Structures are given as structure tokens and as C-alpha cells.
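**Q** mmCIF, C-alpha atoms, saved as input.cif, coming up:
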data_work
#
loop_
_atom_site.label_atom_id
_atom_site.label_comp_id
_atom_site.auth_asym_id
_atom_site.auth_seq_id
_atom_site.Cartn_x
_atom_site.Cartn_y
_atom_site.Cartn_z
CA LEU A 39 120.86 89.94 101.25
CA SER A 40 118.45 92.50 102.73
CA LYS A 41 120.31 92.34 106.04
CA VAL A 42 123.63 93.03 104.32
CA LEU A 43 122.09 95.87 102.32
CA ALA A 44 120.71 97.45 105.50
CA VAL A 45 124.25 97.56 106.90
CA LEU A 46 125.71 98.97 103.68
CA LEU A 47 123.11 101.73 103.59
CA ARG A 48 124.51 103.23 106.76
CA ARG A 49 127.05 104.98 104.52
CA ALA A 50 125.84 108.04 102.58
CA GLU A 51 127.70 107.10 99.40
CA ASN A 52 125.96 103.72 99.34
CA ARG A 53 122.56 105.36 99.88
CA ASN A 54 123.20 107.64 96.92
CA SER A 55 124.31 104.72 94.76
CA VAL A 56 121.19 102.69 95.60
CA GLY A 57 119.00 105.76 95.12
CA ARG A 58 120.35 106.38 91.63
CA ARG A 59 119.37 102.83 90.71
CA ASP A 60 115.75 103.40 91.73
CA GLY A 61 116.36 101.63 95.01
CA VAL A 62 113.36 103.11 96.81
CA ALA A 63 110.98 101.70 94.20
CA LEU A 64 112.70 98.31 94.13
CA LEU A 65 112.60 97.97 97.90
CA SER A 66 109.00 99.17 98.03
CA ARG A 67 107.92 96.55 95.47
CA SER A 68 109.79 93.83 97.33
CA LEU A 69 108.15 94.86 100.59
CA MET A 70 104.70 94.87 99.01
CA GLN A 71 105.20 91.46 97.40
CA CYS A 72 106.49 90.05 100.66
CA SER A 73 103.53 91.53 102.57
CA LEU A 74 101.08 89.88 100.17
CA ASP A 75 102.75 86.51 100.73
CA GLY A 76 101.01 84.95 103.70
CA ASP A 77 104.08 82.85 104.50
CA CYS A 78 106.57 85.72 104.38
CA ASP A 79 109.21 85.74 107.11
CA PRO A 80 108.48 88.63 109.54
CA GLN A 81 112.24 89.17 109.81
CA LEU A 82 112.43 89.83 106.06
CA LEU A 83 109.61 92.38 106.31
CA TYR A 84 111.55 94.14 109.04
CA GLU A 85 114.81 94.10 107.07
CA LEU A 86 113.17 95.56 103.98
CA CYS A 87 111.71 98.39 106.09
CA LEU A 88 115.15 98.81 107.64
CA CYS A 89 116.64 99.27 104.14
CA LEU A 90 114.11 102.00 103.34
CA TRP A 91 114.76 103.81 106.60
CA PRO A 92 118.26 105.24 105.81
CA LEU A 93 117.05 106.26 102.35
CA SER A 94 114.29 108.32 104.00
CA PHE A 95 116.98 110.60 105.49
CA GLU A 96 118.10 111.81 102.05
CA PRO A 97 116.16 114.89 100.81
CA HIS A 98 116.93 114.11 97.16
CA LEU A 99 115.54 110.56 97.55
CA GLN A 100 112.50 111.44 99.67
CA PRO A 101 110.25 112.35 96.67
CA ASN A 102 110.71 108.75 95.51
CA PHE A 103 108.72 107.62 98.53
CA ILE A 104 105.68 109.23 96.87
CA SER A 105 106.34 108.29 93.24
CA SER A 106 107.17 104.65 94.06
CA GLY A 107 104.22 104.10 96.38
CA ALA A 108 106.60 103.45 99.29
CA ILE A 109 104.54 105.61 101.65
CA HIS A 110 101.46 103.44 101.05
CA THR A 111 103.53 100.27 101.39
CA LEU A 112 105.04 101.42 104.68
CA ALA A 113 101.59 102.46 105.93
CA SER A 114 100.44 98.88 105.43
CA GLN A 115 103.28 97.80 107.73
CA VAL A 116 102.12 100.21 110.43
CA GLN A 117 98.71 98.57 110.23
CA SER A 118 99.67 94.92 109.89
CA ALA A 119 103.37 94.23 110.55
CA PRO A 120 103.55 90.99 112.59
CA ARG A 121 106.27 92.36 114.88
CA GLU A 122 106.69 95.65 116.72
CA LYS A 123 110.11 96.30 115.23
CA GLY A 124 108.61 96.37 111.73
CA GLN A 125 106.11 98.99 112.85
CA ARG A 126 108.88 100.91 114.59
CA VAL A 127 111.01 101.24 111.46
CA ALA A 128 108.03 102.11 109.24
CA ILE A 129 107.01 104.89 111.62
CA ALA A 130 110.65 106.05 111.79
CA CYS A 131 110.55 106.46 107.98
CA PHE A 132 107.46 108.65 108.29
CA TYR A 133 109.21 110.65 111.03
CA ASN A 134 112.12 111.36 108.68
CA LEU A 135 109.82 112.41 105.85
CA SER A 136 107.97 114.72 108.23
CA GLU A 137 110.83 116.13 110.29
CA HIS A 138 113.92 115.82 108.08
CA SER A 139 112.59 117.06 104.75
CA PRO A 140 112.63 120.47 103.04
CA ALA A 141 109.85 122.73 104.31
CA GLN A 142 108.32 123.06 100.84
CA MET A 143 107.93 119.29 100.56
CA LYS A 144 106.50 118.43 103.98
CA GLY A 145 102.93 119.17 102.88
CA ASP A 146 103.21 116.77 99.94
CA TYR A 147 104.48 113.96 102.17
CA HIS A 148 101.77 114.62 104.74
CA LYS A 149 99.01 114.58 102.12
CA GLU A 150 100.27 111.24 100.84
CA MET A 151 100.32 109.85 104.37
CA ILE A 152 96.82 111.16 104.99
CA SER A 153 95.59 109.58 101.75
CA CYS A 154 96.66 106.13 102.96
CA ARG A 155 94.73 106.59 106.22
CA LEU A 156 97.84 106.81 108.35
CA ILE A 157 96.06 109.08 110.87
CA LYS A 158 93.59 106.30 111.65
CA ALA A 159 96.33 103.65 111.80
CA LEU A 160 98.54 105.69 114.13
CA SER A 161 95.61 106.71 116.34
CA SER A 162 94.59 103.06 116.71
CA LEU A 163 98.14 102.03 117.60
CA LYS A 164 98.43 104.89 120.08
CA ASP A 165 95.28 103.76 121.89
CA LEU A 166 96.05 100.05 121.65
CA LYS A 167 99.65 100.09 122.86
CA ALA A 168 99.86 103.17 125.07
CA GLY A 169 102.70 102.61 127.52
CA GLN A 170 103.31 99.08 126.22
CA TRP A 171 105.97 99.71 123.57
CA LYS A 172 109.22 97.87 124.14
CA ASP A 173 111.09 100.71 122.39
CA ALA A 174 110.40 104.15 123.88
CA ASP A 175 111.45 105.91 120.65
CA ILE A 176 108.52 104.48 118.73
CA GLU A 177 106.00 106.22 120.98
CA SER A 178 107.78 109.56 120.56
CA ASP A 179 108.01 109.20 116.76
CA LEU A 180 104.37 108.11 116.57
CA GLU A 181 103.20 111.13 118.59
CA THR A 182 105.22 113.52 116.43
CA VAL A 183 104.03 112.14 113.11
CA LEU A 184 100.42 111.94 114.25
CA SER A 185 100.53 115.52 115.52
CA ARG A 186 101.94 116.82 112.22
CA LEU A 187 99.35 114.92 110.19
CA LEU A 188 96.46 116.18 112.31
CA GLU A 189 97.69 119.76 111.92
CA ASP A 190 97.80 119.45 108.14
CA TYR A 191 94.50 117.58 108.00
CA GLN A 192 92.76 120.49 109.71
CA ASP A 193 94.08 122.80 106.98
CA LEU A 194 92.83 120.65 104.11
CA SER A 195 89.74 121.74 102.24
CA THR A 196 86.72 119.46 102.19
CA TRP A 197 87.58 118.51 98.62
CA GLN A 198 91.17 117.65 99.55
CA LYS A 199 89.88 115.42 102.33
CA TYR A 200 87.57 113.73 99.84
CA ALA A 201 90.43 113.28 97.37
CA ALA A 202 92.53 111.72 100.13
CA GLU A 203 89.70 109.33 100.96
CA VAL A 204 89.32 108.28 97.33
CA GLY A 205 93.07 107.91 97.02
CA SER A 206 93.09 105.56 100.00
CA GLY A 207 90.48 103.31 98.35
CA LYS A 208 88.58 103.13 101.66
CA LEU A 209 85.33 105.01 101.13
CA GLU A 210 82.99 105.57 104.08
CA TRP A 211 79.59 107.26 104.08
CA GLY A 212 79.71 110.89 105.20
CA VAL A 213 79.14 114.47 104.09
CA CYS A 214 81.52 114.09 101.14
CA HIS A 215 79.09 111.66 99.52
CA GLU A 216 75.99 113.84 99.80
CA GLU A 217 74.20 116.00 97.24
CA GLN A 218 75.27 119.36 98.71
CA PHE A 219 78.95 118.42 98.61
CA TRP A 220 78.74 117.57 94.92
CA LYS A 221 76.79 120.71 94.09
CA GLU A 222 79.53 122.83 95.65
CA ASN A 223 82.63 120.90 94.56
CA VAL A 224 81.88 119.08 91.31
CA LYS A 225 84.20 121.30 89.23
CA CYS A 226 87.16 120.27 91.38
CA ILE A 227 87.09 116.84 89.76
CA GLU A 228 88.62 118.37 86.62
CA GLU A 229 92.03 118.43 88.34
CA GLY A 230 94.67 116.20 86.79
CA ASP A 231 92.62 115.29 83.72
CA PHE A 232 89.83 113.81 85.85
CA GLN A 233 92.18 111.46 87.70
CA LEU A 234 89.79 111.26 90.63
CA LEU A 235 86.95 110.14 88.36
CA GLN A 236 89.24 107.47 86.95
CA ARG A 237 90.08 106.36 90.48
CA LEU A 238 86.38 106.19 91.38
CA THR A 239 85.80 104.08 88.28
CA ALA A 240 88.54 101.69 89.41
CA LEU A 241 86.90 101.44 92.85
CA LEU A 242 83.79 100.04 91.20
CA SER A 243 85.78 96.79 91.12
CA SER A 244 86.76 96.91 94.79
CA PRO A 245 86.29 93.67 96.75
CA GLU A 246 84.58 95.73 99.47
CA GLU A 247 80.89 96.05 98.64
CA GLU A 248 80.35 99.26 100.61
CA VAL A 249 83.18 100.92 98.67
CA VAL A 250 81.52 99.84 95.41
CA ALA A 251 78.15 101.23 96.53
CA ILE A 252 79.68 104.58 97.51
CA ALA A 253 81.64 104.80 94.25
CA CYS A 254 78.36 104.24 92.36
CA ASN A 255 76.77 107.00 94.42
CA ASP A 256 79.59 109.46 93.78
CA ILE A 257 79.77 108.82 90.06
CA GLY A 258 76.02 109.27 89.86
CA GLU A 259 76.23 112.59 91.74
CA PHE A 260 79.05 113.70 89.46
CA CYS A 261 76.87 112.98 86.43
CA ARG A 262 74.01 114.95 87.95
CA PHE A 263 75.97 118.14 88.50
CA TYR A 264 78.79 118.19 85.94
CA PRO A 265 77.74 119.46 82.48
CA ARG A 266 79.58 116.69 80.58
CA GLY A 267 79.33 114.18 83.38
CA ARG A 268 77.45 111.51 81.47
CA ASP A 269 79.85 111.65 78.51
CA LEU A 270 82.86 111.39 80.82
CA ALA A 271 81.35 108.48 82.75
CA LYS A 272 80.99 106.66 79.45
CA HIS A 273 84.46 107.70 78.25
CA PHE A 274 86.22 106.33 81.34
CA GLY A 275 84.17 103.13 81.33
CA ALA A 276 82.17 103.81 84.50
CA LYS A 277 78.79 103.39 82.80
CA ASP A 278 79.56 99.90 81.51
CA VAL A 279 80.83 98.71 84.90
CA ILE A 280 77.83 100.17 86.75
CA MET A 281 75.45 98.50 84.27
CA LYS A 282 76.91 95.13 85.27
CA LEU A 283 76.59 96.00 88.97
CA ILE A 284 72.82 96.26 88.58
CA ASP A 285 72.85 92.45 88.71
CA SER A 286 74.91 92.37 91.92
CA ASN A 287 73.85 89.91 94.61
CA ASN A 288 74.38 92.65 97.19
CA ASP A 289 71.19 94.70 97.64
CA ASN A 290 73.06 97.87 98.61
CA VAL A 291 75.34 97.73 95.56
CA GLN A 292 72.41 96.94 93.30
CA ARG A 293 70.37 99.86 94.65
CA HIS A 294 73.14 102.41 94.20
CA ALA A 295 74.06 101.05 90.78
CA LEU A 296 70.44 101.48 89.65
CA SER A 297 70.39 105.02 91.01
CA ALA A 298 73.70 105.88 89.30
CA ILE A 299 72.49 104.54 85.94
CA SER A 300 69.33 106.62 86.32
CA LYS A 301 71.45 109.72 86.84
CA ILE A 302 73.57 108.86 83.82
CA MET A 303 70.59 108.17 81.54
CA ILE A 304 67.85 110.59 82.61
CA ASP A 305 67.89 114.29 81.71
CA ASN A 306 65.41 115.44 84.36
CA TRP A 307 67.26 114.84 87.61
CA SER A 308 64.19 115.69 89.68
CA GLU A 309 62.74 112.39 88.53
CA VAL A 310 65.62 110.43 90.06
CA SER A 311 64.80 108.69 93.33
CA LEU A 312 67.85 108.67 95.59
CA PRO A 313 68.29 105.55 97.71
CA SER A 314 68.88 105.73 101.43
CA HIS A 315 72.23 104.58 102.74
#
What does the file become when written as C-alpha cells?
**A**
Amino acid sequence: LSKVLAVLLRRAENRNSVGRRDGVALLSRSLMQCSLDGDCDPQLLYELCLCLWPLSFEPHLQPNFISSGAIHTLASQVQSAPREKGQRVAIACFYNLSEHSPAQMKGDYHKEMISCRLIKALSSLKDLKAGQWKDADIESDLETVLSRLLEDYQDLSTWQKYAAEVGSGKLEWGVCHEEQFWKENVKCIEEGDFQLLQRLTALLSSPEEEVVAIACNDIGEFCRFYPRGRDLAKHFGAKDVIMKLIDSNNDNVQRHALSAISKIMIDNWSEVSLPSH
């Protein structure tokens, strides 16, 4: 069926018809479910990407690649597709969103790509397969997309880079998790009704222990420097989750959970002993 659909989508009227029926979201969900299935046929993964590719040409359908999560789903194919042709079509979708989209929308697409760590994935592929691609077009598309993303990344503020990191769910120790960063940027977390705080709270349940430790650290720093930080940490459920993490078997998680609870509970922050990373 996916192979037949890929052929049908060569015609603009069919792309519009599928788009009106939320086709980008449906294909994205199918691709994600198939990716999570360890026994999924690599050919099916490729065909689902191939169905998304013609839709990525249509400016009126391109915003759906953000709202449906298709950009994140395609990024996972760049990182882990079992065959080169799956990676090729996923990167071709990103090329369309970057090169064949209205100028006022390019930044939004690039930020979404950055948030799913596409720069790192493309850079790794570039180094790993330099000169080894079977299809010459993939190298050209990869270079173009990577160049556009790096240009936009340089223009992002430190807070926007932090927000992209949190959005990706892959936290890594760095300047965005230090005291000075939170002193200078804590008010930025108010954006979108504290969506970033809610995302950090969700990351407390990440299967990656370093991500959990960093999320504890960041929520603790937020509570230190935001006037209503402790109330908001309680409101969004972060305090209860962190309390449970105090009993973690992982020493690093336990240490940062204890520190975060101290910052939530104690009024005099100078009495809080910050753990080393």
C-alpha cells in the first residue's frame, strides 16, 4: 500500500487530497511505529519516507511537518535507518523544508531540526560516509541542509540553544546548566506557559540517567532564581518526582535529586551545597 501511495503522490492533486486528510501526521505516526518495531521491514521504512517526501514540496503542507512531529521522526531515520536509501529520502525531505519553503517559515523549520539534534546526526554522517555514498545527490543535500542549520544555529541566543537541547530530550553538561546561565536567563522560562519547565519535569522520567541528573540540576537552579520557582515546581509535579529520585540506585541521580530538593525546600540558598558533575 505504501508503495502504491508513493506513486500516487507524484501528482499534485493527490498530494493535496492526502494533505487535507492529515496525511503528514498519519504517515509520521506509521513511520514512528514501524521504527519502534525491531522486526520492521527496511523497505517499508523507506517507502513511508518516500510518501512524506512529495508532501514536503507543498508549502501549505510543510507546517504539518512541525505540528505532527514528522521532522523528529525523519531525524530518527537519518540517525538509524538500516539502508542508505531511507537516509537519502529523509534528508531530501529536510532539503525541501529548507530550500523550497517560504522565507518567513525557514527559521521555524530549522529550529525544529536543530531541536532534534539533526546537526550532530548530519555531521556524523558526513564524516562517516564522506565519498562513500552510492547516490551523489545525498551528499549535496546533506551539505546544503547542514550548512543552513549551522548558519541559523550561530544566530540563536544561548537560551534558544538551551530550549532546543531540552526539546531534543538529550541533555548534556555544559554552560547552559550552570549557575550563571540561570541567573541571567531564568525569566525566559515563562515563555509558552512554562512549557520548558513542563518538558524538564517529563525528562525526570527519562531512561537515560545523565539526562535525569541534569534535569534535576536545572529544576533546582530554576527554583533558586525564579521568585515563584518552588510553587511552580510543585504545581507541575517536579517536586514529587525528584523526591522519589532521592532513592535512586544511581549515585549521580541521587546526588542531584538531593541538591534539587534542597533548593526547593530551603529559603537561604547560600546554605545549599552544589554537587560536582
**Q** As a check of understanding, name the residues that the PyMOL selection byres ((chain A and resi 39-45) around 6) selects in the supplied structure, as number ranges by chain.
**A** A: 46-48, 85, 89
**Q** Using all atoms listed in the file, determine which residues lie at most 7 Å from region 119-133 of chain A, disregarding the query and same-chain residues fewer than 2 positions distant; provide the list as a ChimeraX atom specification.
**A** /A:80,83-84,87-88,91,94,112,115-117,135-137,176,179-180,183
**Q** Hey, can you check how far CA of Leu241 (chain A) sits from CA of Leu194 (chain A)?
**A** 23.0 Å
**Q** Which residue is closest to His294 (chain A)? Choose from A:Arg58, A:Gln71, A:Leu90, A:Val249 and count all atoms listed in the file.
**A**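 Among A:Arg58, A:Gln71, A:Leu90, A:Val249, it is A:Val249 that comes nearest to His294 (chain A).
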**Q** Residues within 12 Å of Leu188 (chain A), please, as an MDAnalysis selection string. Count all atoms listed in the file; anything in the same chain fewer than 2 positions from it doesn't count.
**A** chainID A and resid 145 148:149 151:152 155:158 160:161 181:186 190:194 199
**Q** Write the selection just made, keeping C-alpha atoms, as a CSV table (one decimal), keeping the file's coordinate frame?
**A**
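result25.csv, freshly written:
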chain,number,residue,atom,x,y,z
A,145,GLY,CA,102.9,119.2,102.9
A,148,HIS,CA,101.8,114.6,104.7
A,149,LYS,CA,99.0,114.6,102.1
A,151,MET,CA,100.3,109.8,104.4
A,152,ILE,CA,96.8,111.2,105.0
A,155,ARG,CA,94.7,106.6,106.2
A,156,LEU,CA,97.8,106.8,108.4
A,157,ILE,CA,96.1,109.1,110.9
A,158,LYS,CA,93.6,106.3,111.6
A,160,LEU,CA,98.5,105.7,114.1
A,161,SER,CA,95.6,106.7,116.3
A,181,GLU,CA,103.2,111.1,118.6
A,182,THR,CA,105.2,113.5,116.4
A,183,VAL,CA,104.0,112.1,113.1
A,184,LEU,CA,100.4,111.9,114.2
A,185,SER,CA,100.5,115.5,115.5
A,186,ARG,CA,101.9,116.8,112.2
A,190,ASP,CA,97.8,119.4,108.1
A,191,TYR,CA,94.5,117.6,108.0
A,192,GLN,CA,92.8,120.5,109.7
A,193,ASP,CA,94.1,122.8,107.0
A,194,LEU,CA,92.8,120.6,104.1
A,199,LYS,CA,89.9,115.4,102.3
**Q** Have a look at CA of Gly258 (chain A) and CA of Glu150 (chain A) and let me know their distance in Å, one decimal.
**A**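 Pair CA of Gly258 (chain A) / CA of Glu150 (chain A) returns 26.7 Å.
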**Q** Would you mind reading off the distance between CA of Ser66 (chain A) and CA of Gln233 (chain A), one decimal, in Å?
**A**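 Atom-to-atom, CA of Ser66 (chain A) and CA of Gln233 (chain A) are spaced 23.3 Å apart.
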**Q** Name the residues that the PyMOL selection byres ((chain A and resi 210) around 8) picks from the file above, as an MDAnalysis selection string, using the file's chain letters and numbers.
**A** chainID A and resid 208:209 211:212 248:249 252
**Q** Kindly save the residues from that selection, with C-alpha atoms included, as a PDB file, in the frame of the given file.
**A**
ATOM      1  CA  LYS A 208      88.580 103.130 101.660  1.00  0.00           C
ATOM      2  CA  LEU A 209      85.330 105.010 101.130  1.00  0.00           C
ATOM      3  CA  TRP A 211      79.590 107.260 104.080  1.00  0.00           C
ATOM      4  CA  GLY A 212      79.710 110.890 105.200  1.00  0.00           C
ATOM      5  CA  GLU A 248      80.350  99.260 100.610  1.00  0.00           C
ATOM      6  CA  VAL A 249      83.180 100.920  98.670  1.00  0.00           C
ATOM      7  CA  ILE A 252      79.680 104.580  97.510  1.00  0.00           C
TER       8      ILE A 252
END
**Q** Enclose the full set of atoms of region 162-178 of chain A listed in the file within a box whose edges lie along x, y and z, apply 5 Å of padding to each of the six sides, and report centre and edge lengths in Å to one decimal as JSON.
**A**
{"center_x": 103.0, "center_y": 103.7, "center_z": 122.1, "size_x": 26.9, "size_y": 21.7, "size_z": 20.8}
**Q** Step by step: start from the point (74.0, 117.3, 95.8) in the file's coordinates, keep every protein, DNA or RNA residue that has an atom no farther than 9 Å from it, count all atoms listed in the file, and write the set as a tab-separated table (two decimals) with C-alpha atoms, keeping the file's coordinate frame.
**A**
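Saved to result-v3.tsv:
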chain	number	residue	atom	x	y	z
A	215	HIS	CA	79.09	111.66	99.52
A	216	GLU	CA	75.99	113.84	99.80
A	217	GLU	CA	74.20	116.00	97.24
A	218	GLN	CA	75.27	119.36	98.71
A	219	PHE	CA	78.95	118.42	98.61
A	220	TRP	CA	78.74	117.57	94.92
A	221	LYS	CA	76.79	120.71	94.09
A	222	GLU	CA	79.53	122.83	95.65
A	259	GLU	CA	76.23	112.59	91.74
A	260	PHE	CA	79.05	113.70	89.46
A	262	ARG	CA	74.01	114.95	87.95
A	263	PHE	CA	75.97	118.14	88.50
**Q** Counting all atoms listed in the file, what is within 8 Å of Ala251 (chain A), bar same-chain residues fewer than 4 positions away, as a PDB file with C-alpha atoms, keeping the file's coordinate frame?
**A**
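Saved result, result10.pdb, follows:
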ATOM      1  CA  LEU A 242      83.790 100.040  91.200  1.00  0.00           C
ATOM      2  CA  GLU A 247      80.890  96.050  98.640  1.00  0.00           C
ATOM      3  CA  ASN A 255      76.770 107.000  94.420  1.00  0.00           C
ATOM      4  CA  ASN A 290      73.060  97.870  98.610  1.00  0.00           C
ATOM      5  CA  VAL A 291      75.340  97.730  95.560  1.00  0.00           C
ATOM      6  CA  GLN A 292      72.410  96.940  93.300  1.00  0.00           C
ATOM      7  CA  HIS A 294      73.140 102.410  94.200  1.00  0.00           C
ATOM      8  CA  ALA A 295      74.060 101.050  90.780  1.00  0.00           C
TER       9      ALA A 295
END
**Q** Name the closest residue to Ala50 (chain A) among the candidates A:Ile104, A:Ile109, A:Leu93, A:Ala271; distances are taken between atoms, counting only C-alpha atoms.
**A**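 Of A:Ile104, A:Ile109, A:Leu93, A:Ala271, the one nearest Ala50 (chain A) is A:Leu93, counting only C-alpha atoms.
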**Q** Once you count only C-alpha atoms, which residues end up no further than 12 Å from (89.8, 116.2, 91.2) in the file's frame, shown as a PDB file with C-alpha atoms, keeping the file's coordinate frame?
**A**
ATOM      1  CA  THR A 196      86.720 119.460 102.190  1.00  0.00           C
ATOM      2  CA  TRP A 197      87.580 118.510  98.620  1.00  0.00           C
ATOM      3  CA  GLN A 198      91.170 117.650  99.550  1.00  0.00           C
ATOM      4  CA  LYS A 199      89.880 115.420 102.330  1.00  0.00           C
ATOM      5  CA  TYR A 200      87.570 113.730  99.840  1.00  0.00           C
ATOM      6  CA  ALA A 201      90.430 113.280  97.370  1.00  0.00           C
ATOM      7  CA  ALA A 202      92.530 111.720 100.130  1.00  0.00           C
ATOM      8  CA  GLU A 203      89.700 109.330 100.960  1.00  0.00           C
ATOM      9  CA  VAL A 204      89.320 108.280  97.330  1.00  0.00           C
ATOM     10  CA  GLY A 205      93.070 107.910  97.020  1.00  0.00           C
ATOM     11  CA  TRP A 220      78.740 117.570  94.920  1.00  0.00           C
ATOM     12  CA  ASN A 223      82.630 120.900  94.560  1.00  0.00           C
ATOM     13  CA  VAL A 224      81.880 119.080  91.310  1.00  0.00           C
ATOM     14  CA  LYS A 225      84.200 121.300  89.230  1.00  0.00           C
ATOM     15  CA  CYS A 226      87.160 120.270  91.380  1.00  0.00           C
ATOM     16  CA  ILE A 227      87.090 116.840  89.760  1.00  0.00           C
ATOM     17  CA  GLU A 228      88.620 118.370  86.620  1.00  0.00           C
ATOM     18  CA  GLU A 229      92.030 118.430  88.340  1.00  0.00           C
ATOM     19  CA  GLY A 230      94.670 116.200  86.790  1.00  0.00           C
ATOM     20  CA  ASP A 231      92.620 115.290  83.720  1.00  0.00           C
ATOM     21  CA  PHE A 232      89.830 113.810  85.850  1.00  0.00           C
ATOM     22  CA  GLN A 233      92.180 111.460  87.700  1.00  0.00           C
ATOM     23  CA  LEU A 234      89.790 111.260  90.630  1.00  0.00           C
ATOM     24  CA  LEU A 235      86.950 110.140  88.360  1.00  0.00           C
ATOM     25  CA  GLN A 236      89.240 107.470  86.950  1.00  0.00           C
ATOM     26  CA  ARG A 237      90.080 106.360  90.480  1.00  0.00           C
ATOM     27  CA  LEU A 238      86.380 106.190  91.380  1.00  0.00           C
ATOM     28  CA  PHE A 260      79.050 113.700  89.460  1.00  0.00           C
TER      29      PHE A 260
END
